[in-house]
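J.: What follows is protein_35.csv; its format and atoms are CSV, C-alpha atoms.
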```csv
chain,number,residue,atom,x,y,z
A,1,MET,CA,-1.3,-34.2,37.4
A,2,VAL,CA,0.3,-30.9,36.6
A,3,VAL,CA,-1.7,-27.8,37.8
A,4,SER,CA,-0.9,-24.5,36.3
A,5,VAL,CA,-0.4,-21.3,38.4
A,6,ALA,CA,-3.6,-19.9,36.9
A,7,GLN,CA,-5.6,-23.0,37.9
A,8,ALA,CA,-4.1,-22.9,41.4
A,9,ARG,CA,-5.3,-19.4,41.8
A,10,ILE,CA,-8.8,-20.0,40.3
A,11,GLU,CA,-9.7,-23.0,42.4
A,12,PRO,CA,-9.8,-21.3,45.8
A,13,LEU,CA,-11.8,-18.4,44.3
A,14,LEU,CA,-14.4,-20.9,43.0
A,15,ARG,CA,-14.6,-22.7,46.3
A,16,GLU,CA,-15.2,-19.4,48.0
A,17,ARG,CA,-18.0,-18.3,45.6
A,18,LEU,CA,-19.7,-21.6,44.8
A,19,VAL,CA,-23.0,-22.3,46.6
A,20,PRO,CA,-24.0,-25.9,47.2
A,21,LEU,CA,-27.6,-26.5,46.4
A,22,PRO,CA,-30.1,-29.1,47.6
A,23,GLU,CA,-32.2,-31.1,45.1
A,24,VAL,CA,-34.5,-29.2,42.9
A,25,GLU,CA,-37.5,-30.6,44.7
A,26,HIS,CA,-36.3,-29.3,48.1
A,27,SER,CA,-38.2,-26.4,49.5
A,28,ASP,CA,-35.0,-24.4,50.0
A,29,PHE,CA,-33.6,-25.0,46.6
A,30,ALA,CA,-34.3,-21.5,45.3
A,31,ALA,CA,-33.4,-19.7,48.5
A,32,PHE,CA,-30.1,-18.6,47.0
A,33,ALA,CA,-32.0,-16.4,44.5
A,34,ASP,CA,-33.0,-14.1,47.4
A,35,ARG,CA,-29.6,-12.3,46.8
A,36,PHE,CA,-31.1,-11.0,43.6
A,37,ALA,CA,-34.2,-9.5,45.2
A,38,GLN,CA,-33.1,-5.9,44.5
A,39,ALA,CA,-32.3,-6.4,40.8
A,40,ARG,CA,-34.7,-5.1,38.2
A,41,VAL,CA,-34.1,-8.0,35.9
A,42,VAL,CA,-32.8,-11.6,36.6
A,43,LEU,CA,-31.5,-13.5,33.7
A,44,LEU,CA,-31.8,-17.3,33.8
A,45,GLY,CA,-30.0,-19.6,31.3
A,46,GLU,CA,-29.6,-23.3,30.7
A,47,ALA,CA,-26.9,-25.6,29.4
A,48,THR,CA,-29.3,-27.5,27.2
A,49,HIS,CA,-32.8,-26.8,25.9
A,50,GLY,CA,-35.5,-29.3,27.0
A,51,THR,CA,-33.7,-30.8,30.0
A,52,SER,CA,-36.3,-31.4,32.7
A,53,GLU,CA,-33.9,-30.6,35.6
A,54,PHE,CA,-33.0,-27.2,34.2
A,55,TYR,CA,-36.7,-26.3,33.6
A,56,ARG,CA,-37.7,-27.3,37.1
A,57,ALA,CA,-34.8,-25.4,38.6
A,58,ARG,CA,-35.8,-22.3,36.7
A,59,ALA,CA,-39.4,-22.7,37.6
A,60,ALA,CA,-38.5,-22.8,41.3
A,61,ILE,CA,-36.4,-19.7,41.0
A,62,LYS,CA,-39.1,-17.8,39.1
A,63,GLN,CA,-41.9,-18.7,41.6
A,64,ARG,CA,-39.8,-17.7,44.5
A,65,LEU,CA,-38.9,-14.3,43.0
A,66,VAL,CA,-42.6,-13.8,42.1
A,67,ALA,CA,-44.0,-14.9,45.5
A,68,ARG,CA,-41.4,-13.3,47.8
A,69,HIS,CA,-39.8,-10.4,46.0
A,70,GLY,CA,-42.4,-8.7,43.9
A,71,TYR,CA,-41.4,-9.8,40.4
A,72,ARG,CA,-44.4,-9.9,38.1
A,73,VAL,CA,-43.2,-10.7,34.6
A,74,VAL,CA,-41.8,-14.0,33.4
A,75,ALA,CA,-40.3,-13.3,29.9
A,76,VAL,CA,-39.2,-16.4,28.0
A,77,GLU,CA,-37.5,-17.2,24.6
A,78,ALA,CA,-40.8,-18.2,23.0
A,79,ASP,CA,-43.2,-17.1,20.3
A,80,TRP,CA,-45.2,-14.3,21.8
A,81,PRO,CA,-48.6,-15.2,20.4
A,82,ASP,CA,-48.4,-18.6,21.9
A,83,ALA,CA,-46.9,-17.3,25.2
A,84,ALA,CA,-49.9,-14.9,25.4
A,85,LYS,CA,-52.2,-17.9,25.6
A,86,ILE,CA,-50.3,-19.3,28.6
A,87,ASP,CA,-50.5,-15.8,30.0
A,88,ARG,CA,-54.3,-15.8,29.7
A,89,TYR,CA,-54.4,-19.1,31.6
A,90,LEU,CA,-52.3,-18.0,34.5
A,91,ARG,CA,-54.2,-14.7,34.8
A,92,LEU,CA,-57.4,-16.7,35.0
A,93,ARG,CA,-58.8,-15.6,31.7
A,94,ALA,CA,-58.7,-19.1,30.1
A,95,ASP,CA,-59.3,-22.6,31.2
A,96,THR,CA,-56.2,-24.2,29.6
A,97,PRO,CA,-52.6,-23.0,29.0
A,98,PHE,CA,-52.3,-25.0,25.7
A,99,PRO,CA,-55.4,-24.3,23.6
A,100,ASP,CA,-55.6,-25.5,20.0
A,101,GLU,CA,-52.1,-25.6,18.5
A,102,THR,CA,-50.2,-23.5,21.1
A,103,PHE,CA,-46.5,-24.2,20.7
A,104,ALA,CA,-47.2,-27.0,18.2
A,105,ARG,CA,-44.5,-25.7,15.9
A,106,PHE,CA,-41.0,-27.0,16.3
A,107,PRO,CA,-39.5,-27.2,18.8
A,108,VAL,CA,-42.6,-28.5,20.5
A,109,TRP,CA,-40.7,-30.1,23.4
A,110,MET,CA,-39.2,-26.8,24.4
A,111,TRP,CA,-42.4,-25.2,25.7
A,112,ARG,CA,-45.3,-27.6,25.4
A,113,ASN,CA,-44.2,-29.8,28.2
A,114,ARG,CA,-45.1,-30.9,31.8
A,115,GLU,CA,-42.6,-28.5,33.4
A,116,ILE,CA,-44.1,-25.4,31.7
A,117,LEU,CA,-47.6,-26.6,32.6
A,118,ASP,CA,-46.6,-27.0,36.3
A,119,LEU,CA,-45.1,-23.5,36.2
A,120,ALA,CA,-48.3,-22.0,34.7
A,121,ARG,CA,-50.4,-23.8,37.3
A,122,GLY,CA,-48.2,-22.4,40.1
A,123,LEU,CA,-48.4,-18.9,38.8
A,124,ARG,CA,-52.2,-19.2,38.3
A,125,ALA,CA,-52.6,-20.3,41.9
A,126,PHE,CA,-50.5,-17.2,42.9
A,127,ASN,CA,-52.7,-14.9,40.8
A,128,ALA,CA,-56.0,-16.2,42.2
A,129,GLY,CA,-57.7,-13.5,44.1
A,130,ARG,CA,-55.2,-10.8,43.2
A,131,GLU,CA,-55.9,-7.5,41.4
A,132,ALA,CA,-55.0,-7.6,37.7
A,133,ALA,CA,-52.2,-5.1,38.2
A,134,ASP,CA,-50.6,-7.3,40.9
A,135,GLN,CA,-50.8,-10.6,38.9
A,136,ALA,CA,-47.8,-12.4,37.5
A,137,ARG,CA,-47.6,-12.4,33.7
A,138,PHE,CA,-46.0,-14.7,31.1
A,139,ARG,CA,-44.5,-13.0,28.1
A,140,GLY,CA,-42.8,-14.4,24.9
A,141,LEU,CA,-39.9,-12.5,23.4
A,142,ASP,CA,-39.5,-14.3,20.1
A,143,VAL,CA,-41.2,-13.9,16.7
A,144,TYR,CA,-40.2,-17.1,15.0
A,145,SER,CA,-43.9,-17.6,14.3
A,146,LEU,CA,-43.8,-14.8,11.7
A,147,GLY,CA,-47.3,-15.5,10.3
A,148,ALA,CA,-49.0,-15.9,13.7
A,149,SER,CA,-47.3,-12.8,15.0
A,150,MET,CA,-48.4,-10.7,12.1
A,151,ALA,CA,-52.0,-12.1,12.4
A,152,ALA,CA,-52.0,-11.3,16.2
A,153,VAL,CA,-51.0,-7.7,15.5
A,154,LEU,CA,-53.6,-7.3,12.8
A,155,ASP,CA,-56.4,-8.9,14.8
A,156,TYR,CA,-55.7,-6.5,17.7
A,157,LEU,CA,-55.5,-3.4,15.5
A,158,ASP,CA,-58.7,-4.3,13.6
A,159,ARG,CA,-60.5,-4.1,17.0
A,160,VAL,CA,-58.9,-0.9,18.4
A,161,ASP,CA,-57.5,1.1,15.5
A,162,PRO,CA,-58.6,0.2,11.9
A,163,ALA,CA,-56.5,2.9,10.4
A,164,ALA,CA,-53.4,1.5,12.0
A,165,ALA,CA,-54.4,-1.9,10.9
A,166,ARG,CA,-54.5,-0.8,7.3
A,167,GLN,CA,-51.1,0.8,7.6
A,168,ALA,CA,-49.7,-2.4,9.3
A,169,ARG,CA,-51.0,-4.5,6.4
A,170,ASP,CA,-49.3,-2.2,3.9
A,171,ARG,CA,-46.0,-2.5,5.9
A,172,TYR,CA,-46.3,-6.2,6.1
A,173,CYS,CA,-46.6,-6.7,2.4
A,174,CYS,CA,-42.8,-7.2,1.9
A,175,LEU,CA,-43.0,-10.2,4.3
A,176,SER,CA,-46.1,-11.9,2.8
A,177,PRO,CA,-44.1,-14.2,0.4
A,178,TRP,CA,-42.4,-15.8,3.4
A,179,HIS,CA,-44.8,-15.5,6.3
A,180,ALA,CA,-45.8,-19.2,6.1
A,181,LYS,CA,-42.2,-20.4,5.6
A,182,PRO,CA,-39.8,-17.9,7.1
A,183,ALA,CA,-36.9,-20.2,6.4
A,184,ARG,CA,-37.1,-19.2,2.8
A,185,GLU,CA,-36.2,-15.6,3.5
A,186,ASP,CA,-32.6,-16.3,2.5
A,187,ARG,CA,-33.7,-15.8,-1.1
A,188,THR,CA,-33.5,-12.0,-0.6
A,189,ALA,CA,-29.7,-12.4,-0.5
A,190,SER,CA,-29.7,-13.0,-4.3
A,191,GLY,CA,-32.3,-10.4,-5.1
A,192,PRO,CA,-36.1,-10.2,-4.9
A,193,PRO,CA,-38.2,-13.1,-6.2
A,194,SER,CA,-39.9,-12.9,-9.6
A,195,HIS,CA,-43.4,-11.7,-9.9
A,196,GLU,CA,-44.6,-15.2,-10.5
A,197,ALA,CA,-42.8,-16.5,-7.4
A,198,TYR,CA,-44.1,-13.6,-5.3
A,199,VAL,CA,-47.7,-14.3,-6.3
A,200,ARG,CA,-47.4,-18.1,-5.9
A,201,ASP,CA,-45.9,-17.8,-2.4
A,202,ALA,CA,-48.7,-15.5,-1.4
A,203,GLY,CA,-51.1,-18.2,-2.2
A,204,GLY,CA,-53.0,-16.5,-5.0
A,205,PRO,CA,-53.4,-17.1,-8.8
A,206,GLN,CA,-50.5,-16.4,-11.0
A,207,ARG,CA,-51.7,-13.2,-12.7
A,208,ARG,CA,-50.3,-9.8,-13.1
A,209,SER,CA,-52.0,-6.8,-11.5
A,210,SER,CA,-51.0,-3.5,-10.0
A,211,ARG,CA,-52.4,-4.4,-6.6
A,212,ARG,CA,-53.6,-7.6,-5.1
A,213,GLU,CA,-54.9,-9.1,-1.8
A,214,VAL,CA,-52.4,-11.2,0.0
A,215,ALA,CA,-53.3,-13.3,3.0
A,216,LEU,CA,-51.2,-12.3,6.0
A,217,THR,CA,-52.2,-15.1,8.4
A,218,PRO,CA,-51.0,-18.7,8.6
A,219,PRO,CA,-53.3,-21.6,7.7
A,220,GLY,CA,-56.2,-21.7,10.1
A,221,GLY,CA,-55.7,-18.1,11.1
A,222,SER,CA,-58.3,-15.3,11.2
A,223,GLY,CA,-58.1,-14.6,7.5
A,224,ALA,CA,-56.8,-11.0,7.8
A,225,THR,CA,-55.7,-9.8,4.4
A,226,GLY,CA,-54.3,-6.6,2.9
A,227,PRO,CA,-53.5,-5.1,-0.4
A,228,CYS,CA,-49.9,-5.6,-1.5
A,229,PRO,CA,-48.3,-4.1,-4.6
A,230,ALA,CA,-47.2,-6.7,-7.1
A,231,ARG,CA,-43.4,-6.8,-7.7
A,232,ARG,CA,-42.0,-6.3,-11.1
A,233,ARG,CA,-39.9,-8.8,-12.9
A,234,SER,CA,-36.2,-8.4,-12.0
```
Before anything else, please render the file you have as structure tokens.
T.:
Amino acid sequence: MVVSVAQARIEPLLRERLVPLPEVEHSDFAAFADRFAQARVVLLGEATHGTSEFYRARAAIKQRLVARHGYRVVAVEADWPDAAKIDRYLRLRADTPFPDETFARFPVWMWRNREILDLARGLRAFNAGREAADQARFRGLDVYSLGASMAAVLDYLDRVDPAAARQARDRYCCLSPWHAKPAREDRTASGPPSHEAYVRDAGGPQRRSSRREVALTPPGGSGATGPCPARRRS
């Protein structure tokens, strides 16, 4: 086998830097993460989504950083309304991490699985008896669940700031034709939909009016609605 000069130089560098790890289940598996203890943010990736070994490895690292080094926020690439339900569970504010249809939207296997359940249980045990400010939290960073995310914002604002809720509904109007099926948003590339398509997608009768009520929650949501101006024919 012919080895290039570059490969010959890289190999000893890799051997110098690589750290052999025990099996994921070993109590010392995540010890190597101690070197990141002073970092403000630790980013953890994976070669494939849904692989149990990667999920268990990440969970071990997260729990060590939380338990030994003061990290308190686990932020994941997941829909934030659903992640908030797991957060309520591990902060002892709910009895189950997967109520109702939490993470029931594709890809279900990415978050609604045994590994995430075990992580949530571990963080819940860590939080037991701690003051709220010192508890670990679980946060979602994605908004693929467009309708559910909009509904969560409106439900919150309805309780704490009705004026802001009205403004949010007005701002969300441009998204209402697609909130149930965000994949259809590519239609905007060829111009806005016709008035009939706009009204049909909003779930209402096909009639013309200057203003109309458009549901801004997904099926089974809280039913929050808001006035949206009808679009003119293009």
J.: Rounded to one decimal place, report the atom CA of A:Gly129-atom CA of A:Arg91 distance in Å.
T.: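 Atom CA of A:Arg91 lies at a distance of 10.0 Å from atom CA of A:Gly129.
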J.: Which residue is closest to A:Asp142? Choose from A:Ala37, A:His49, A:Ala67, A:Pro81 and count only C-alpha atoms.
T.: A:Pro81
J.: Determine the nearest neighbour of A:Tyr172 from the options A:Gly140, A:Gly50, A:Pro99, A:Gly147, counting all atoms listed in the file.
T.: A:Gly147
J.: Just give me the gap between atom CA of A:Thr102 and atom CA of A:Asp82 in Å, one decimal is fine.
T.: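 If I compute the distance from atom CA of A:Thr102 to atom CA of A:Asp82, I get 5.3 Å.
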J.: Take atom CA of A:Tyr71 and atom CA of A:Asp87 and report the distance between them in Å, one decimal.
T.: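 Here the two named atoms are 15.1 Å from each other.
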J.: Which of these, A:Leu117, A:Ala133, A:Met110, A:Leu43, has the shortest distance to A:Arg72 once you count all atoms listed in the file?
T.: A:Ala133
J.: From the options A:Phe29, A:Trp111, A:Phe103, A:Tyr89, which residue's atoms come nearest to A:Tyr55, counting only C-alpha atoms?
T.: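 Of all the options, A:Trp111 lies closest to A:Tyr55.
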J.: Set the distance at 12 Å and use all atoms listed in the file: which residues neighbour A:Phe106 once local chain neighbours fewer than 5 positions away are removed? I'd like the list as number ranges by chain.
T.: A: 78-79, 101, 111-112, 144-145
